[in-house]
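Text of start-v8.tsv, listed as TSV, N, CA and C atoms:
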```
chain	number	residue	atom	x	y	z
F	1	MET	N	96.49	59.65	90.79
F	1	MET	CA	97.29	59.42	91.99
F	1	MET	C	96.36	58.95	93.11
F	2	THR	N	96.80	58.00	93.86
F	2	THR	CA	96.00	57.48	94.98
F	2	THR	C	96.06	58.45	96.14
F	3	ARG	N	95.12	58.24	97.09
F	3	ARG	CA	95.12	59.09	98.29
F	3	ARG	C	96.43	58.91	99.07
F	4	PHE	N	96.90	57.69	99.12
F	4	PHE	CA	98.15	57.42	99.84
F	4	PHE	C	99.32	58.20	99.21
F	5	GLY	N	99.36	58.21	97.88
F	5	GLY	CA	100.41	58.96	97.18
F	5	GLY	C	100.32	60.44	97.47
F	6	GLY	N	99.09	60.96	97.56
F	6	GLY	CA	98.89	62.37	97.89
F	6	GLY	C	99.40	62.70	99.28
F	7	PHE	N	99.11	61.78	100.24
F	7	PHE	CA	99.60	62.00	101.61
F	7	PHE	C	101.12	61.96	101.67
F	8	ILE	N	101.72	61.06	100.89
F	8	ILE	CA	103.18	60.99	100.84
F	8	ILE	C	103.75	62.30	100.33
F	9	LEU	N	103.18	62.83	99.24
F	9	LEU	CA	103.67	64.10	98.68
F	9	LEU	C	103.51	65.25	99.68
F	10	ILE	N	102.37	65.30	100.35
F	10	ILE	CA	102.16	66.36	101.36
F	10	ILE	C	103.17	66.20	102.50
F	11	GLY	N	103.41	64.96	102.93
F	11	GLY	CA	104.38	64.71	104.01
F	11	GLY	C	105.78	65.15	103.63
F	12	ILE	N	106.18	64.81	102.40
F	12	ILE	CA	107.51	65.21	101.93
F	12	ILE	C	107.60	66.73	101.85
F	13	ALA	N	106.54	67.37	101.34
F	13	ALA	CA	106.55	68.83	101.24
F	13	ALA	C	106.67	69.48	102.61
F	14	LEU	N	105.97	68.94	103.60
F	14	LEU	CA	106.04	69.50	104.95
F	14	LEU	C	107.42	69.31	105.57
F	15	LEU	N	108.04	68.17	105.28
F	15	LEU	CA	109.39	67.93	105.81
F	15	LEU	C	110.43	68.85	105.18
F	16	LEU	N	110.21	69.22	103.92
F	16	LEU	CA	111.19	70.03	103.22
F	16	LEU	C	110.93	71.53	103.35
F	17	CYS	N	109.85	71.90	104.03
F	17	CYS	CA	109.53	73.32	104.20
F	17	CYS	C	110.61	74.00	105.03
F	18	SER	N	110.94	75.19	104.65
F	18	SER	CA	111.89	75.99	105.41
F	18	SER	C	111.17	77.22	105.92
F	19	CYS	N	111.61	77.68	107.05
F	19	CYS	CA	110.99	78.87	107.64
F	19	CYS	C	111.99	80.02	107.62
F	20	PHE	N	111.48	81.19	107.35
F	20	PHE	CA	112.27	82.40	107.47
F	20	PHE	C	111.33	83.52	107.85
F	21	GLU	N	111.91	84.59	108.35
F	21	GLU	CA	111.13	85.72	108.83
F	21	GLU	C	111.72	86.99	108.21
F	22	ILE	N	110.82	87.84	107.73
F	22	ILE	CA	111.25	89.14	107.22
F	22	ILE	C	110.55	90.20	108.05
F	23	ILE	N	111.34	91.08	108.63
F	23	ILE	CA	110.80	92.19	109.41
F	23	ILE	C	111.28	93.48	108.77
F	24	GLU	N	110.33	94.34	108.41
F	24	GLU	CA	110.72	95.66	107.95
F	24	GLU	C	109.99	96.67	108.83
F	25	ASP	N	110.75	97.58	109.37
F	25	ASP	CA	110.20	98.59	110.27
F	25	ASP	C	110.61	99.96	109.75
F	26	VAL	N	109.63	100.76	109.37
F	26	VAL	CA	109.90	102.11	108.90
F	26	VAL	C	109.22	103.07	109.86
F	27	THR	N	110.02	103.95	110.45
F	27	THR	CA	109.50	104.98	111.35
F	27	THR	C	109.65	106.33	110.66
F	28	ILE	N	108.55	107.04	110.55
F	28	ILE	CA	108.57	108.36	109.92
F	28	ILE	C	108.15	109.39	110.97
F	29	HIS	N	109.01	110.36	111.20
F	29	HIS	CA	108.75	111.42	112.18
F	29	HIS	C	107.89	112.51	111.56
F	30	ASP	N	107.40	113.41	112.40
F	30	ASP	CA	106.53	114.50	111.93
F	30	ASP	C	107.19	115.35	110.85
F	31	ASP	N	108.51	115.50	110.92
F	31	ASP	CA	109.21	116.34	109.93
F	31	ASP	C	109.53	115.59	108.63
F	32	GLY	N	109.14	114.30	108.54
F	32	GLY	CA	109.37	113.53	107.32
F	32	GLY	C	110.64	112.71	107.34
F	33	SER	N	111.50	112.92	108.33
F	33	SER	CA	112.70	112.09	108.45
F	33	SER	C	112.33	110.80	109.17
F	34	GLY	N	113.27	109.86	109.23
F	34	GLY	CA	112.96	108.63	109.93
F	34	GLY	C	114.06	107.60	109.86
F	35	GLU	N	113.68	106.38	110.20
F	35	GLU	CA	114.61	105.26	110.20
F	35	GLU	C	113.94	104.07	109.52
F	36	ILE	N	114.79	103.24	108.93
F	36	ILE	CA	114.33	101.98	108.37
F	36	ILE	C	115.20	100.86	108.92
F	37	THR	N	114.54	99.77	109.28
F	37	THR	CA	115.24	98.56	109.70
F	37	THR	C	114.65	97.40	108.91
F	38	PHE	N	115.51	96.60	108.32
F	38	PHE	CA	115.10	95.44	107.55
F	38	PHE	C	115.88	94.25	108.08
F	39	ILE	N	115.15	93.21	108.50
F	39	ILE	CA	115.81	92.01	109.03
F	39	ILE	C	115.29	90.80	108.26
F	40	PHE	N	116.21	90.01	107.73
F	40	PHE	CA	115.90	88.73	107.10
F	40	PHE	C	116.50	87.67	107.99
F	41	ASN	N	115.64	86.88	108.65
F	41	ASN	CA	116.07	85.89	109.62
F	41	ASN	C	115.75	84.49	109.10
F	42	ALA	N	116.77	83.76	108.71
F	42	ALA	CA	116.59	82.39	108.23
F	42	ALA	C	117.22	81.40	109.19
F	43	SER	N	117.33	81.77	110.47
F	43	SER	CA	118.01	80.92	111.44
F	43	SER	C	117.29	79.59	111.64
F	44	GLN	N	115.97	79.56	111.47
F	44	GLN	CA	115.24	78.31	111.64
F	44	GLN	C	115.52	77.33	110.50
F	45	SER	N	116.07	77.84	109.42
F	45	SER	CA	116.38	77.00	108.25
F	45	SER	C	117.87	76.75	108.12
F	46	ARG	N	118.60	76.95	109.20
F	46	ARG	CA	120.06	76.86	109.17
F	46	ARG	C	120.55	75.53	108.58
F	47	ASN	N	119.96	74.42	108.99
F	47	ASN	CA	120.41	73.12	108.48
F	47	ASN	C	120.14	72.99	106.99
F	48	ASP	N	118.97	73.46	106.55
F	48	ASP	CA	118.64	73.41	105.12
F	48	ASP	C	119.60	74.26	104.31
F	49	ILE	N	119.91	75.45	104.82
F	49	ILE	CA	120.81	76.36	104.12
F	49	ILE	C	122.21	75.76	104.05
F	50	ASN	N	122.67	75.17	105.15
F	50	ASN	CA	123.99	74.53	105.15
F	50	ASN	C	124.06	73.45	104.08
F	51	GLY	N	122.98	72.69	103.92
F	51	GLY	CA	122.93	71.66	102.88
F	51	GLY	C	122.95	72.26	101.49
F	52	LEU	N	122.20	73.34	101.28
F	52	LEU	CA	122.18	74.00	99.97
F	52	LEU	C	123.54	74.58	99.62
F	53	LEU	N	124.24	75.11	100.61
F	53	LEU	CA	125.55	75.72	100.35
F	53	LEU	C	126.58	74.70	99.87
F	54	LEU	N	126.33	73.43	100.14
F	54	LEU	CA	127.24	72.39	99.67
F	54	LEU	C	127.05	72.08	98.18
F	55	LEU	N	125.90	72.51	97.66
F	55	LEU	CA	125.59	72.26	96.24
F	55	LEU	C	126.09	73.42	95.39
F	56	LYS	N	126.38	73.16	94.16
F	56	LYS	CA	126.78	74.22	93.23
F	56	LYS	C	125.56	74.84	92.56
F	57	GLU	N	124.50	74.02	92.41
F	57	GLU	CA	123.34	74.44	91.64
F	57	GLU	C	122.10	73.70	92.13
F	58	VAL	N	120.95	74.40	92.12
F	58	VAL	CA	119.67	73.78	92.46
F	58	VAL	C	118.66	74.18	91.39
F	59	ASN	N	118.10	73.21	90.71
F	59	ASN	CA	117.10	73.45	89.66
F	59	ASN	C	117.57	74.48	88.63
F	60	GLY	N	118.83	74.42	88.27
F	60	GLY	CA	119.37	75.33	87.26
F	60	GLY	C	119.82	76.68	87.80
F	61	TYR	N	119.65	76.92	89.09
F	61	TYR	CA	120.07	78.19	89.70
F	61	TYR	C	121.34	77.96	90.50
F	62	LYS	N	122.34	78.82	90.29
F	62	LYS	CA	123.58	78.71	91.05
F	62	LYS	C	123.31	79.07	92.51
F	63	VAL	N	123.93	78.35	93.41
F	63	VAL	CA	123.82	78.62	94.83
F	63	VAL	C	124.96	79.56	95.21
F	64	PRO	N	124.64	80.76	95.71
F	64	PRO	CA	125.72	81.69	96.05
F	64	PRO	C	126.45	81.24	97.31
F	65	SER	N	127.71	81.57	97.37
F	65	SER	CA	128.50	81.26	98.57
F	65	SER	C	128.24	82.33	99.63
F	66	ILE	N	128.67	82.06	100.84
F	66	ILE	CA	128.56	83.05	101.92
F	66	ILE	C	129.30	84.32	101.54
F	67	ASN	N	130.48	84.19	100.92
F	67	ASN	CA	131.24	85.36	100.49
F	67	ASN	C	130.49	86.18	99.45
F	68	GLN	N	129.83	85.51	98.51
F	68	GLN	CA	129.06	86.23	97.49
F	68	GLN	C	127.89	86.98	98.12
F	69	ILE	N	127.21	86.36	99.07
F	69	ILE	CA	126.10	87.02	99.76
F	69	ILE	C	126.61	88.23	100.53
F	70	SER	N	127.71	88.05	101.24
F	70	SER	CA	128.31	89.17	102.00
F	70	SER	C	128.71	90.31	101.07
F	71	HIS	N	129.29	89.97	99.93
F	71	HIS	CA	129.70	90.98	98.96
F	71	HIS	C	128.50	91.76	98.44
F	72	LYS	N	127.41	91.08	98.12
F	72	LYS	CA	126.21	91.76	97.62
F	72	LYS	C	125.60	92.66	98.69
F	73	LEU	N	125.60	92.20	99.94
F	73	LEU	CA	125.08	93.03	101.03
F	73	LEU	C	125.94	94.27	101.21
F	74	THR	N	127.25	94.12	101.12
F	74	THR	CA	128.15	95.27	101.23
F	74	THR	C	127.93	96.24	100.07
F	75	ALA	N	127.76	95.71	98.87
F	75	ALA	CA	127.51	96.55	97.70
F	75	ALA	C	126.21	97.34	97.87
F	76	PHE	N	125.17	96.69	98.38
F	76	PHE	CA	123.89	97.37	98.62
F	76	PHE	C	124.06	98.46	99.67
F	77	THR	N	124.73	98.13	100.77
F	77	THR	CA	124.94	99.10	101.85
F	77	THR	C	125.73	100.29	101.35
F	78	ASP	N	126.78	100.05	100.59
F	78	ASP	CA	127.58	101.14	100.03
F	78	ASP	C	126.75	102.00	99.07
F	79	SER	N	125.88	101.37	98.31
F	79	SER	CA	125.02	102.09	97.38
F	79	SER	C	124.08	103.03	98.13
F	80	VAL	N	123.50	102.55	99.22
F	80	VAL	CA	122.59	103.40	100.02
F	80	VAL	C	123.38	104.51	100.71
F	81	LYS	N	124.59	104.22	101.16
F	81	LYS	CA	125.42	105.24	101.80
F	81	LYS	C	125.69	106.41	100.85
F	82	ARG	N	125.82	106.12	99.56
F	82	ARG	CA	126.08	107.16	98.56
F	82	ARG	C	124.82	107.90	98.12
F	83	THR	N	123.66	107.42	98.57
F	83	THR	CA	122.40	108.03	98.17
F	83	THR	C	122.13	109.26	99.03
F	84	PRO	N	121.92	110.41	98.40
F	84	PRO	CA	121.61	111.61	99.18
F	84	PRO	C	120.35	111.40	100.03
F	85	GLY	N	120.41	111.89	101.27
F	85	GLY	CA	119.27	111.79	102.16
F	85	GLY	C	119.36	110.64	103.16
F	86	PHE	N	120.33	109.75	102.98
F	86	PHE	CA	120.50	108.64	103.91
F	86	PHE	C	121.75	108.86	104.77
F	87	SER	N	121.68	108.44	106.03
F	87	SER	CA	122.82	108.53	106.93
F	87	SER	C	122.77	107.34	107.90
F	88	GLU	N	123.84	107.17	108.64
F	88	GLU	CA	123.95	106.09	109.62
F	88	GLU	C	123.51	104.74	109.03
F	89	VAL	N	123.99	104.49	107.82
F	89	VAL	CA	123.66	103.25	107.10
F	89	VAL	C	124.58	102.14	107.60
F	90	ASP	N	123.97	101.01	107.98
F	90	ASP	CA	124.76	99.90	108.51
F	90	ASP	C	124.07	98.58	108.17
F	91	SER	N	124.87	97.55	107.95
F	91	SER	CA	124.31	96.22	107.73
F	91	SER	C	125.19	95.20	108.41
F	92	LYS	N	124.58	94.08	108.76
F	92	LYS	CA	125.31	92.98	109.40
F	92	LYS	C	124.79	91.68	108.80
F	93	PHE	N	125.69	90.71	108.70
F	93	PHE	CA	125.32	89.39	108.22
F	93	PHE	C	125.87	88.37	109.20
F	94	ASP	N	124.98	87.77	109.97
F	94	ASP	CA	125.36	86.71	110.90
F	94	ASP	C	125.43	85.42	110.09
F	95	THR	N	126.64	85.03	109.70
F	95	THR	CA	126.82	83.89	108.81
F	95	THR	C	126.62	82.55	109.52
F	96	GLU	N	126.55	82.56	110.83
F	96	GLU	CA	126.31	81.32	111.56
F	96	GLU	C	124.81	81.02	111.64
F	97	ASN	N	124.01	82.07	111.81
F	97	ASN	CA	122.57	81.90	111.96
F	97	ASN	C	121.77	82.38	110.76
F	98	TYR	N	122.45	82.92	109.76
F	98	TYR	CA	121.83	83.41	108.53
F	98	TYR	C	120.79	84.49	108.81
F	99	ILE	N	121.24	85.53	109.48
F	99	ILE	CA	120.40	86.69	109.77
F	99	ILE	C	121.07	87.91	109.15
F	100	ILE	N	120.32	88.59	108.28
F	100	ILE	CA	120.81	89.83	107.65
F	100	ILE	C	120.04	90.98	108.26
F	101	THR	N	120.76	91.99	108.73
F	101	THR	CA	120.14	93.17	109.32
F	101	THR	C	120.66	94.40	108.58
F	102	PHE	N	119.73	95.28	108.20
F	102	PHE	CA	120.08	96.53	107.53
F	102	PHE	C	119.35	97.65	108.26
F	103	LYS	N	120.09	98.73	108.58
F	103	LYS	CA	119.50	99.89	109.25
F	103	LYS	C	120.00	101.16	108.60
F	104	ALA	N	119.14	102.17	108.56
F	104	ALA	CA	119.55	103.48	108.02
F	104	ALA	C	118.59	104.55	108.52
F	105	ARG	N	119.11	105.76	108.57
F	105	ARG	CA	118.28	106.94	108.84
F	105	ARG	C	118.11	107.69	107.52
F	106	PHE	N	116.98	108.36	107.37
F	106	PHE	CA	116.77	109.15	106.17
F	106	PHE	C	116.23	110.53	106.53
F	107	ASP	N	116.62	111.50	105.70
F	107	ASP	CA	116.17	112.88	105.89
F	107	ASP	C	114.76	113.03	105.36
F	108	LYS	N	114.20	114.17	105.61
F	108	LYS	CA	112.86	114.49	105.09
F	108	LYS	C	112.85	114.25	103.57
F	109	GLY	N	111.94	113.42	103.14
F	109	GLY	CA	111.82	113.14	101.71
F	109	GLY	C	112.91	112.22	101.17
F	110	GLY	N	113.81	111.74	102.01
F	110	GLY	CA	114.91	110.92	101.53
F	110	GLY	C	114.55	109.47	101.29
F	111	PHE	N	113.46	109.04	101.88
F	111	PHE	CA	113.09	107.62	101.76
F	111	PHE	C	111.84	107.48	100.91
F	112	ILE	N	111.99	106.85	99.77
F	112	ILE	CA	110.86	106.54	98.90
F	112	ILE	C	110.87	105.03	98.75
F	113	PHE	N	109.91	104.35	99.37
F	113	PHE	CA	109.92	102.90	99.49
F	113	PHE	C	110.10	102.18	98.15
F	114	PRO	N	109.34	102.50	97.10
F	114	PRO	CA	109.55	101.78	95.83
F	114	PRO	C	110.98	101.91	95.30
F	115	ASN	N	111.59	103.11	95.44
F	115	ASN	CA	112.98	103.29	94.99
F	115	ASN	C	113.94	102.46	95.83
F	116	PHE	N	113.67	102.37	97.13
F	116	PHE	CA	114.51	101.58	98.03
F	116	PHE	C	114.44	100.11	97.64
F	117	ILE	N	113.23	99.59	97.41
F	117	ILE	CA	113.06	98.19	97.02
F	117	ILE	C	113.71	97.93	95.66
F	118	ALA	N	113.58	98.87	94.73
F	118	ALA	CA	114.21	98.70	93.42
F	118	ALA	C	115.73	98.60	93.57
F	119	ARG	N	116.31	99.43	94.42
F	119	ARG	CA	117.77	99.39	94.66
F	119	ARG	C	118.14	98.06	95.30
F	120	TRP	N	117.33	97.60	96.26
F	120	TRP	CA	117.55	96.31	96.92
F	120	TRP	C	117.53	95.19	95.88
F	121	ASN	N	116.51	95.19	95.02
F	121	ASN	CA	116.39	94.17	93.97
F	121	ASN	C	117.57	94.19	93.01
F	122	ASN	N	117.94	95.39	92.56
F	122	ASN	CA	119.02	95.51	91.58
F	122	ASN	C	120.36	95.05	92.14
F	123	THR	N	120.59	95.31	93.42
F	123	THR	CA	121.87	94.96	94.01
F	123	THR	C	121.91	93.49	94.44
F	124	LEU	N	120.88	93.04	95.13
F	124	LEU	CA	120.90	91.69	95.68
F	124	LEU	C	120.20	90.68	94.79
F	125	GLN	N	119.47	91.15	93.81
F	125	GLN	CA	118.72	90.31	92.88
F	125	GLN	C	117.72	89.44	93.60
F	126	PHE	N	117.01	90.04	94.60
F	126	PHE	CA	115.88	89.37	95.21
F	126	PHE	C	114.67	89.60	94.32
F	127	GLY	N	113.65	88.83	94.48
F	127	GLY	CA	112.48	88.93	93.61
F	127	GLY	C	111.31	89.66	94.24
F	128	ILE	N	111.52	90.71	95.01
F	128	ILE	CA	110.43	91.44	95.64
F	128	ILE	C	109.72	92.27	94.59
F	129	LYS	N	108.40	92.17	94.55
F	129	LYS	CA	107.60	92.95	93.59
F	129	LYS	C	106.67	93.86	94.36
F	130	ILE	N	106.43	95.03	93.81
F	130	ILE	CA	105.50	95.99	94.43
F	130	ILE	C	104.26	96.06	93.58
```
Translate the structure of the given file into structure tokens.
Amino acid sequence: MTRFGGFILIGIALLLCSCFEIIEDVTIHDDGSGEITFIFNASQSRNDINGLLLLKEVNGYKVPSINQISHKLTAFTDSVKRTPGFSEVDSKFDTENYIITFKARFDKGGFIFPNFIARWNNTLQFGIKI
């Protein structure tokens, strides 16, 4: 490949890059209880996401609809609500800006991060690895 071809590929890759932000905040009090907040913010990629939502499939992967994403978030939230040790569980999905927010309180010993991530993965089928 020529240098020019390499620059073209890099330029195309930079143009197609999407930005998103993941914020996870876990506060643990002296007694072992605490709060967790998880925010997935893809608002900077809104135009890219809108384009993807028009497609049925990308590289062999089905593109979920807004309703499917909302349903999975609700299923995850309901699953955590049923988990002993968690309270004040809430989630929101801003479908205009593509921001998912999840918040919950946990009792002493109620929050075990690997178990939480495993539940998140199993429900939403994200690819987070520990």
Query - Of the listed residues F:Asp25, F:Glu57, F:Arg105, F:Val80, that which approaches Ile39 (chain F) most closely, counting only N, CA and C atoms - result: F:Asp25
Requested in this report: Go through F:Asp30, F:Lys92, F:Phe102, F:Ile22 one by one, measure the shortest atom-to-atom distance of each to Ala42 (chain F) using all atoms listed in the file, and give the residue with the smallest value.
Outcome: F:Ile22
Query raised in the report: How far is it from atom N of Asn67 (chain F) to CA of Asp48 (chain F), in Å with one decimal?
Result: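 Atom-to-atom, atom N of Asn67 (chain F) and CA of Asp48 (chain F) are spaced 16.6 Å apart.
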